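Step one of this worksheet: look at the structure below.
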Amino acid sequence: MKKLLKQCVISAANQFGPHRFAGLERDPQLWLLMYHRILPKDDIRYRLEEPGMIVTPDTFAMHLRELKLHFDVMDLAEWLALRASGKALPRRACAITFDDGWYDNYEFALPIIQQQQVPVTLFAVVEKIGTDFQFWPNLVSALLASNAIAAMRQHPVFARALQQVPAAADSPNREIIDRECMAAVILALKQNSDADVFAALAAIEWQQHLNFALPRGLMNWDELRAMTGTGLVKVGSHTCNHKRLNNHLPSAEILHEVVDSKTLLAQQLPNAVDIFCFPNGDYNAVALDAVSNTYSAAVTTQRGIVNGRNTPAHQLCRIGLHENVSHSPRLLGARLSGWV
Ligand SMILES: [Zn+2]
């Protein structure tokens with residue numbers, strides 16, 4: 001019964017949501033979409049990533065085809081410039097964003113972007129591009145996939161998180177880890193600062209416990225330049241080091257992440273856009289102030305549809321898309337309604 005009700009809500013949201021019927025009296029709106037990784041299901045990286053981070057190449061191609069039917073698909077910087085100029089905005093615009101600068105974006109998203117000729121904005125972690133940096137959630141996933149739970153328990157940071165997710169230890173010899181369970185452990189770990197999680201990883205010597213080689217994470221600058229060279233991809237800042245800009249982080253570090261990332265990005269990519277993206281969507285007053293003084297606009301992970309008249313330029317909400325909530329046109333439509 002509950003399942004049936006859910007299906008009805010999804011169908012209604014898909015058919016009658018504001019992405020289909022924006023009345024003439026409404027303010028112009030922008031559907032700002034958030035993607036992270038584009039990976040096929042048989043790729044090892046798919047298995048090592050939280051479900052909320054991925055769509056498959058086929059699903060992404062379907063999204064672009066559907067989006068063109070519903071919206072004026074625009075470049076985010078152009079939409080912002082149009083808004084700032086006071087000129088009329090399209091009633092239903094859509095802009096696509098990618099966070100972090102994953103190598104798989106170059107591998108799997110770029111060919112589809114080119115085939116569909118759709119503009120996107122990519123937010124790069126500026127000091128990590130071109131390095132072998134791994135985000136701590138991926139290191140934690142790799143440890144779980146390597147059955148390193150006993151080693152993790154040696155450190156209180158991991159012991160506390162694992163205690164909150166008892167299912168993490170349920171099947172000790174699993175070939176494929178339960179990705180929902182992995183996401184729950186990562187969520188529990190987010191109660192700690194990024195520095196504390198990295199320190200805990202170093203303390204248990206994470207490299208010693210992996211039983212496979214870690215796949216590459218981020219792109220390098222040449223790949224990023226190849227993307228911008230198509231004329232379809234623009235790049236903005238996603239900080240220097242992907243530190244969450246909350247009260248755990250000293251103000252001097254917040255300023256470095258915000259201000260210096262803009263300078264470093266401009267040195268690598270002279271045509272970089274003046275738009276910022278908050279890691280994990282986190283920001284305190286210091287961060288919001290610094291970002292407002294440094295960039296013309298910023299995107300968050302707050303879920304919603306941007307109102308062309310009211311939404312503040314430095315707190316642009318987005319709609320996150322991942323495989324589970326968008327693998328069919330009907331599910332995608334429901335997600336775009338903003339209702340489910
Ligand atoms: Zn990010």
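Ligands are numbered from 1 in the order shown, residues from 1 within each chain, and chains are lettered A, B, ... in the order they appear in the structure tokens.
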For A:Ile10: contacts at 8 Å, only C-alpha atoms, fewer than 2 positions along chain excluded, given as an MDAnalysis selection string: chainID A and resid 6:8 12:14 330:331 334 340
Based on the selection just made, write C-alpha atoms of those residues as a compact mmCIF listing (two decimals), in the first residue's frame.
```txt
# COMPACT_ATOMS: atom_id res chain seq x y z
CA LYS A 6 4.77 6.36 -3.36
CA GLN A 7 4.38 5.42 -7.04
CA CYS A 8 1.27 7.65 -7.28
CA ALA A 12 1.79 13.07 -10.02
CA ALA A 13 5.01 14.98 -9.33
CA ASN A 14 6.36 14.00 -12.73
CA ARG A 330 9.43 9.49 -14.85
CA LEU A 331 11.69 9.47 -11.78
CA ALA A 334 9.42 13.69 -10.15
CA VAL A 340 9.79 14.43 -3.81
```
Distance filter 6 Å around ligand 1, atoms: only C-alpha atoms and all ligand atoms, out as a PyMOL selection string: chain A and resi 99-100+279-280
Export of the given selection (all heavy atoms) as a tab-separated table (two decimals), in the first residue's frame:
```tsv
chain	number	residue	atom	x	y	z
A	99	ASP	N	30.44	18.76	-9.33
A	99	ASP	CA	31.30	19.11	-8.21
A	99	ASP	C	32.57	18.25	-8.18
A	99	ASP	O	32.52	17.06	-8.52
A	99	ASP	CB	30.57	18.90	-6.87
A	99	ASP	CG	29.51	19.96	-6.63
A	99	ASP	OD1	29.18	20.73	-7.56
A	99	ASP	OD2	29.00	20.02	-5.49
A	100	ASP	N	33.65	18.85	-7.77
A	100	ASP	CA	34.93	18.22	-7.39
A	100	ASP	C	35.99	18.14	-8.50
A	100	ASP	O	37.14	18.41	-8.25
A	100	ASP	CB	34.76	16.80	-6.80
A	100	ASP	CG	33.82	16.78	-5.61
A	100	ASP	OD1	33.79	17.79	-4.87
A	100	ASP	OD2	33.11	15.77	-5.42
A	279	PRO	N	31.99	23.18	-0.26
A	279	PRO	CA	32.12	21.73	-0.05
A	279	PRO	C	31.07	21.22	0.93
A	279	PRO	O	30.88	21.81	2.01
A	279	PRO	CB	33.52	21.58	0.53
A	279	PRO	CG	34.27	22.77	0.06
A	279	PRO	CD	33.25	23.88	0.01
A	280	ASN	N	30.40	20.15	0.55
A	280	ASN	CA	29.36	19.54	1.39
A	280	ASN	C	28.20	20.52	1.67
A	280	ASN	O	27.34	20.25	2.49
A	280	ASN	CB	29.98	19.04	2.72
A	280	ASN	CG	29.18	17.92	3.35
A	280	ASN	OD1	28.83	16.95	2.68
A	280	ASN	ND2	28.84	18.06	4.61
```
Filtered DSSP result for stretch 201-272 of chain A, state alpha helix (DSSP H), as a PyMOL selection string: chain A and resi 201-203+221-229+251-255+261-268
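As for atom CA of A:Ala199 and atom CA of A:Cys277, they are spaced 25.0 Å apart.
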Two-atom distance - atom CA of A:Phe21, atom CA of A:Gly52 (Å):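 Separation between atom CA of A:Phe21 and atom CA of A:Gly52: 27.8 Å.
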Surrounding residues of stretch 229-245 of chain A excluding itself and chain neighbours under 5 positions, 7 Å, only C-alpha atoms, as number ranges by chain: A: 100, 118-128, 194, 254, 257-258, 261-262, 272-280, 282-284, 287
Keeping only N, CA, C and O atoms, write those residues as a CSV table (one decimal), in the first residue's frame.
```csv
chain,number,residue,atom,x,y,z
A,100,ASP,N,33.7,18.8,-7.8
A,100,ASP,CA,34.9,18.2,-7.4
A,100,ASP,C,36.0,18.1,-8.5
A,100,ASP,O,37.1,18.4,-8.3
A,118,VAL,N,25.5,20.6,-24.7
A,118,VAL,CA,24.9,21.2,-23.5
A,118,VAL,C,26.0,21.9,-22.6
A,118,VAL,O,27.0,21.3,-22.4
A,119,PRO,N,25.8,23.1,-22.2
A,119,PRO,CA,26.8,23.8,-21.4
A,119,PRO,C,26.8,23.3,-19.9
A,119,PRO,O,25.7,23.0,-19.4
A,120,VAL,N,27.9,23.1,-19.3
A,120,VAL,CA,28.0,22.8,-17.9
A,120,VAL,C,29.0,23.6,-17.2
A,120,VAL,O,29.9,24.2,-17.8
A,121,THR,N,28.9,23.7,-15.8
A,121,THR,CA,29.8,24.4,-15.0
A,121,THR,C,30.4,23.3,-14.0
A,121,THR,O,29.7,22.6,-13.4
A,122,LEU,N,31.7,23.2,-14.0
A,122,LEU,CA,32.4,22.3,-13.1
A,122,LEU,C,33.1,23.0,-12.0
A,122,LEU,O,33.8,24.0,-12.3
A,123,PHE,N,33.0,22.5,-10.8
A,123,PHE,CA,33.7,23.2,-9.7
A,123,PHE,C,34.9,22.3,-9.2
A,123,PHE,O,34.6,21.2,-8.7
A,124,ALA,N,36.1,22.8,-9.3
A,124,ALA,CA,37.3,22.1,-9.1
A,124,ALA,C,37.9,22.4,-7.8
A,124,ALA,O,37.9,23.5,-7.3
A,125,VAL,N,38.4,21.3,-7.1
A,125,VAL,CA,39.2,21.5,-5.9
A,125,VAL,C,40.6,21.8,-6.3
A,125,VAL,O,41.4,21.0,-6.7
A,126,VAL,N,40.9,23.1,-6.2
A,126,VAL,CA,42.0,23.7,-7.0
A,126,VAL,C,43.4,23.1,-6.6
A,126,VAL,O,44.2,22.8,-7.5
A,127,GLU,N,43.7,22.9,-5.3
A,127,GLU,CA,45.0,22.4,-5.0
A,127,GLU,C,45.2,20.9,-5.1
A,127,GLU,O,46.2,20.4,-5.0
A,128,LYS,N,44.1,20.3,-5.4
A,128,LYS,CA,44.1,18.8,-5.5
A,128,LYS,C,44.1,18.3,-7.0
A,128,LYS,O,44.4,17.1,-7.3
A,194,ASP,N,37.2,17.4,9.0
A,194,ASP,CA,37.9,16.7,8.0
A,194,ASP,C,39.3,16.4,8.4
A,194,ASP,O,39.8,15.3,8.2
A,254,ILE,N,39.7,29.2,6.4
A,254,ILE,CA,38.5,29.5,5.6
A,254,ILE,C,38.8,30.5,4.5
A,254,ILE,O,38.5,30.3,3.3
A,257,GLU,N,41.0,28.9,1.8
A,257,GLU,CA,40.2,28.1,0.9
A,257,GLU,C,39.4,28.9,-0.1
A,257,GLU,O,39.2,28.5,-1.3
A,258,VAL,N,38.8,30.0,0.4
A,258,VAL,CA,37.9,30.8,-0.5
A,258,VAL,C,38.7,31.7,-1.4
A,258,VAL,O,38.5,31.7,-2.6
A,261,SER,N,41.9,30.1,-3.6
A,261,SER,CA,41.5,29.1,-4.7
A,261,SER,C,41.1,29.9,-5.9
A,261,SER,O,41.3,29.4,-7.0
A,262,LYS,N,40.6,31.1,-5.7
A,262,LYS,CA,40.2,31.9,-6.9
A,262,LYS,C,41.5,32.3,-7.7
A,262,LYS,O,41.6,32.2,-8.9
A,272,ALA,N,38.5,31.0,-16.2
A,272,ALA,CA,37.7,30.4,-15.1
A,272,ALA,C,36.5,31.3,-14.8
A,272,ALA,O,36.6,32.6,-14.9
A,273,VAL,N,35.4,30.8,-14.3
A,273,VAL,CA,34.3,31.6,-13.9
A,273,VAL,C,34.3,32.0,-12.5
A,273,VAL,O,34.9,31.3,-11.6
A,274,ASP,N,33.7,33.2,-12.2
A,274,ASP,CA,33.7,33.8,-10.9
A,274,ASP,C,32.6,33.2,-10.0
A,274,ASP,O,31.8,34.0,-9.4
A,275,ILE,N,32.5,31.9,-9.9
A,275,ILE,CA,31.4,31.3,-9.2
A,275,ILE,C,32.1,30.2,-8.2
A,275,ILE,O,33.0,29.5,-8.6
A,276,PHE,N,31.5,30.2,-7.0
A,276,PHE,CA,32.1,29.3,-6.0
A,276,PHE,C,31.1,28.2,-5.6
A,276,PHE,O,29.9,28.4,-5.8
A,277,CYS,N,31.7,27.1,-5.1
A,277,CYS,CA,30.8,26.0,-4.7
A,277,CYS,C,31.3,25.6,-3.3
A,277,CYS,O,32.4,25.2,-3.1
A,278,PHE,N,30.3,25.6,-2.3
A,278,PHE,CA,30.7,25.2,-0.9
A,278,PHE,C,30.8,23.7,-0.7
A,278,PHE,O,29.9,23.0,-1.0
A,279,PRO,N,32.0,23.2,-0.3
A,279,PRO,CA,32.1,21.7,-0.1
A,279,PRO,C,31.1,21.2,0.9
A,279,PRO,O,30.9,21.8,2.0
A,280,ASN,N,30.4,20.1,0.6
A,280,ASN,CA,29.4,19.5,1.4
A,280,ASN,C,28.2,20.5,1.7
A,280,ASN,O,27.3,20.2,2.5
A,282,ASP,N,28.4,23.2,3.3
A,282,ASP,CA,28.6,23.8,4.6
A,282,ASP,C,29.1,25.2,4.5
A,282,ASP,O,30.1,25.4,3.8
A,283,TYR,N,28.6,26.1,5.3
A,283,TYR,CA,29.3,27.4,5.5
A,283,TYR,C,28.8,28.0,6.8
A,283,TYR,O,27.7,27.9,7.2
A,284,ASN,N,29.8,28.8,7.4
A,284,ASN,CA,29.4,29.6,8.6
A,284,ASN,C,29.4,31.0,8.1
A,284,ASN,O,29.6,31.3,6.9
A,287,ALA,N,32.6,32.2,6.3
A,287,ALA,CA,32.7,31.7,4.9
A,287,ALA,C,31.7,32.4,4.0
A,287,ALA,O,32.1,32.8,2.9
```
9 Å contact set for stretch 78-89 of chain A, only C-alpha atoms, chain neighbours under 4 positions out, as a compact mmCIF listing (two decimals) with N, CA, C and O atoms, in the first residue's frame:
```txt
# COMPACT_ATOMS: atom_id res chain seq x y z
N PRO A 28 10.48 33.96 -12.85
CA PRO A 28 11.32 33.01 -13.60
C PRO A 28 12.10 32.13 -12.63
O PRO A 28 12.49 32.58 -11.55
N GLN A 29 12.31 30.89 -13.03
CA GLN A 29 12.99 29.95 -12.14
C GLN A 29 14.18 29.30 -12.83
O GLN A 29 14.21 29.20 -14.07
N LEU A 30 15.12 28.88 -12.00
CA LEU A 30 16.29 28.16 -12.52
C LEU A 30 16.41 26.82 -11.80
O LEU A 30 16.54 26.78 -10.57
N MET A 74 20.88 26.36 -19.96
CA MET A 74 21.77 27.52 -20.10
C MET A 74 23.07 27.32 -19.33
O MET A 74 23.13 26.55 -18.39
N ALA A 93 14.53 27.95 -16.76
CA ALA A 93 15.89 27.69 -17.22
C ALA A 93 16.47 26.53 -16.41
O ALA A 93 15.99 26.23 -15.31
N ALA A 95 20.45 24.81 -15.45
CA ALA A 95 21.91 24.85 -15.60
C ALA A 95 22.49 23.62 -14.89
O ALA A 95 22.01 23.22 -13.82
N SER A 296 31.12 36.41 -7.59
CA SER A 296 29.84 37.02 -7.99
C SER A 296 28.66 36.13 -7.60
O SER A 296 27.54 36.62 -7.49
N ALA A 297 28.91 34.84 -7.38
CA ALA A 297 27.82 33.93 -7.01
C ALA A 297 28.39 32.66 -6.39
O ALA A 297 29.60 32.38 -6.53
N GLY A 308 14.29 33.35 -9.71
CA GLY A 308 15.06 34.36 -10.44
C GLY A 308 15.05 35.73 -9.79
O GLY A 308 15.94 36.54 -10.04
N ARG A 309 14.05 35.99 -8.96
CA ARG A 309 13.95 37.31 -8.34
C ARG A 309 14.53 37.31 -6.92
O ARG A 309 15.23 38.23 -6.53
N ALA A 313 22.32 35.47 -4.61
CA ALA A 313 23.30 34.96 -5.58
C ALA A 313 24.36 34.07 -4.93
O ALA A 313 24.95 33.22 -5.60
```
Selection: 9 Å around A:Ala151, only C-alpha atoms, excl. self and same-chain fewer than 4 positions, as a ChimeraX atom specification: /A:143,147,155,204,206,209
Writing out the chosen residues with all heavy atoms as a PDB file, in the first residue's frame:
```pdb
ATOM      1  N   LEU A 143      38.521   1.023   2.697  1.00  0.00           N
ATOM      2  CA  LEU A 143      38.824   0.216   3.893  1.00  0.00           C
ATOM      3  C   LEU A 143      37.692  -0.767   4.171  1.00  0.00           C
ATOM      4  O   LEU A 143      37.937  -1.938   4.472  1.00  0.00           O
ATOM      5  CB  LEU A 143      39.028   1.132   5.108  1.00  0.00           C
ATOM      6  CG  LEU A 143      40.355   1.897   5.158  1.00  0.00           C
ATOM      7  CD1 LEU A 143      40.326   2.979   6.235  1.00  0.00           C
ATOM      8  CD2 LEU A 143      41.511   0.929   5.417  1.00  0.00           C
ATOM      9  N   ASN A 147      37.578  -5.151   3.997  1.00  0.00           N
ATOM     10  CA  ASN A 147      37.319  -5.829   5.273  1.00  0.00           C
ATOM     11  C   ASN A 147      38.283  -5.402   6.377  1.00  0.00           C
ATOM     12  O   ASN A 147      38.790  -6.223   7.129  1.00  0.00           O
ATOM     13  CB  ASN A 147      37.393  -7.351   5.104  1.00  0.00           C
ATOM     14  CG  ASN A 147      36.290  -7.861   4.222  1.00  0.00           C
ATOM     15  OD1 ASN A 147      35.113  -7.510   4.428  1.00  0.00           O
ATOM     16  ND2 ASN A 147      36.639  -8.638   3.224  1.00  0.00           N
ATOM     17  N   HIS A 155      40.815   2.924  16.216  1.00  0.00           N
ATOM     18  CA  HIS A 155      40.826   4.375  16.417  1.00  0.00           C
ATOM     19  C   HIS A 155      39.451   4.858  16.856  1.00  0.00           C
ATOM     20  O   HIS A 155      38.443   4.472  16.251  1.00  0.00           O
ATOM     21  CB  HIS A 155      41.235   5.085  15.125  1.00  0.00           C
ATOM     22  CG  HIS A 155      41.656   6.498  15.373  1.00  0.00           C
ATOM     23  ND1 HIS A 155      40.744   7.500  15.637  1.00  0.00           N
ATOM     24  CD2 HIS A 155      42.878   7.082  15.460  1.00  0.00           C
ATOM     25  CE1 HIS A 155      41.396   8.640  15.843  1.00  0.00           C
ATOM     26  NE2 HIS A 155      42.692   8.410  15.741  1.00  0.00           N
ATOM     27  N   ILE A 204      45.838   4.907  11.627  1.00  0.00           N
ATOM     28  CA  ILE A 204      45.694   3.444  11.436  1.00  0.00           C
ATOM     29  C   ILE A 204      46.472   2.965  10.205  1.00  0.00           C
ATOM     30  O   ILE A 204      46.423   1.792   9.853  1.00  0.00           O
ATOM     31  CB  ILE A 204      44.212   2.995  11.325  1.00  0.00           C
ATOM     32  CG1 ILE A 204      43.524   3.587  10.082  1.00  0.00           C
ATOM     33  CG2 ILE A 204      43.438   3.334  12.596  1.00  0.00           C
ATOM     34  CD1 ILE A 204      42.238   2.858   9.714  1.00  0.00           C
ATOM     35  N   TRP A 206      46.198   3.659   6.786  1.00  0.00           N
ATOM     36  CA  TRP A 206      45.182   3.088   5.894  1.00  0.00           C
ATOM     37  C   TRP A 206      45.760   2.312   4.716  1.00  0.00           C
ATOM     38  O   TRP A 206      45.214   1.301   4.295  1.00  0.00           O
ATOM     39  CB  TRP A 206      44.227   4.180   5.394  1.00  0.00           C
ATOM     40  CG  TRP A 206      44.873   5.291   4.603  1.00  0.00           C
ATOM     41  CD1 TRP A 206      45.336   6.475   5.101  1.00  0.00           C
ATOM     42  CD2 TRP A 206      45.107   5.323   3.188  1.00  0.00           C
ATOM     43  NE1 TRP A 206      45.868   7.242   4.088  1.00  0.00           N
ATOM     44  CE2 TRP A 206      45.730   6.567   2.903  1.00  0.00           C
ATOM     45  CE3 TRP A 206      44.852   4.452   2.136  1.00  0.00           C
ATOM     46  CZ2 TRP A 206      46.108   6.936   1.597  1.00  0.00           C
ATOM     47  CZ3 TRP A 206      45.220   4.816   0.842  1.00  0.00           C
ATOM     48  CH2 TRP A 206      45.845   6.046   0.597  1.00  0.00           C
ATOM     49  N   HIS A 209      46.054  -1.513   4.865  1.00  0.00           N
ATOM     50  CA  HIS A 209      44.883  -2.396   5.013  1.00  0.00           C
ATOM     51  C   HIS A 209      44.088  -2.592   3.733  1.00  0.00           C
ATOM     52  O   HIS A 209      43.087  -3.287   3.743  1.00  0.00           O
ATOM     53  CB  HIS A 209      43.958  -1.843   6.107  1.00  0.00           C
ATOM     54  CG  HIS A 209      44.664  -1.582   7.398  1.00  0.00           C
ATOM     55  ND1 HIS A 209      45.151  -2.600   8.184  1.00  0.00           N
ATOM     56  CD2 HIS A 209      45.011  -0.423   8.015  1.00  0.00           C
ATOM     57  CE1 HIS A 209      45.763  -2.077   9.237  1.00  0.00           C
ATOM     58  NE2 HIS A 209      45.695  -0.761   9.155  1.00  0.00           N
TER      59      HIS A 209
END
```
Gap from atom CA of A:Leu32 to atom CA of A:Arg318 - Å, one decimal: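 Interatomic distance, atom CA of A:Leu32 to atom CA of A:Arg318: 4.8 Å.
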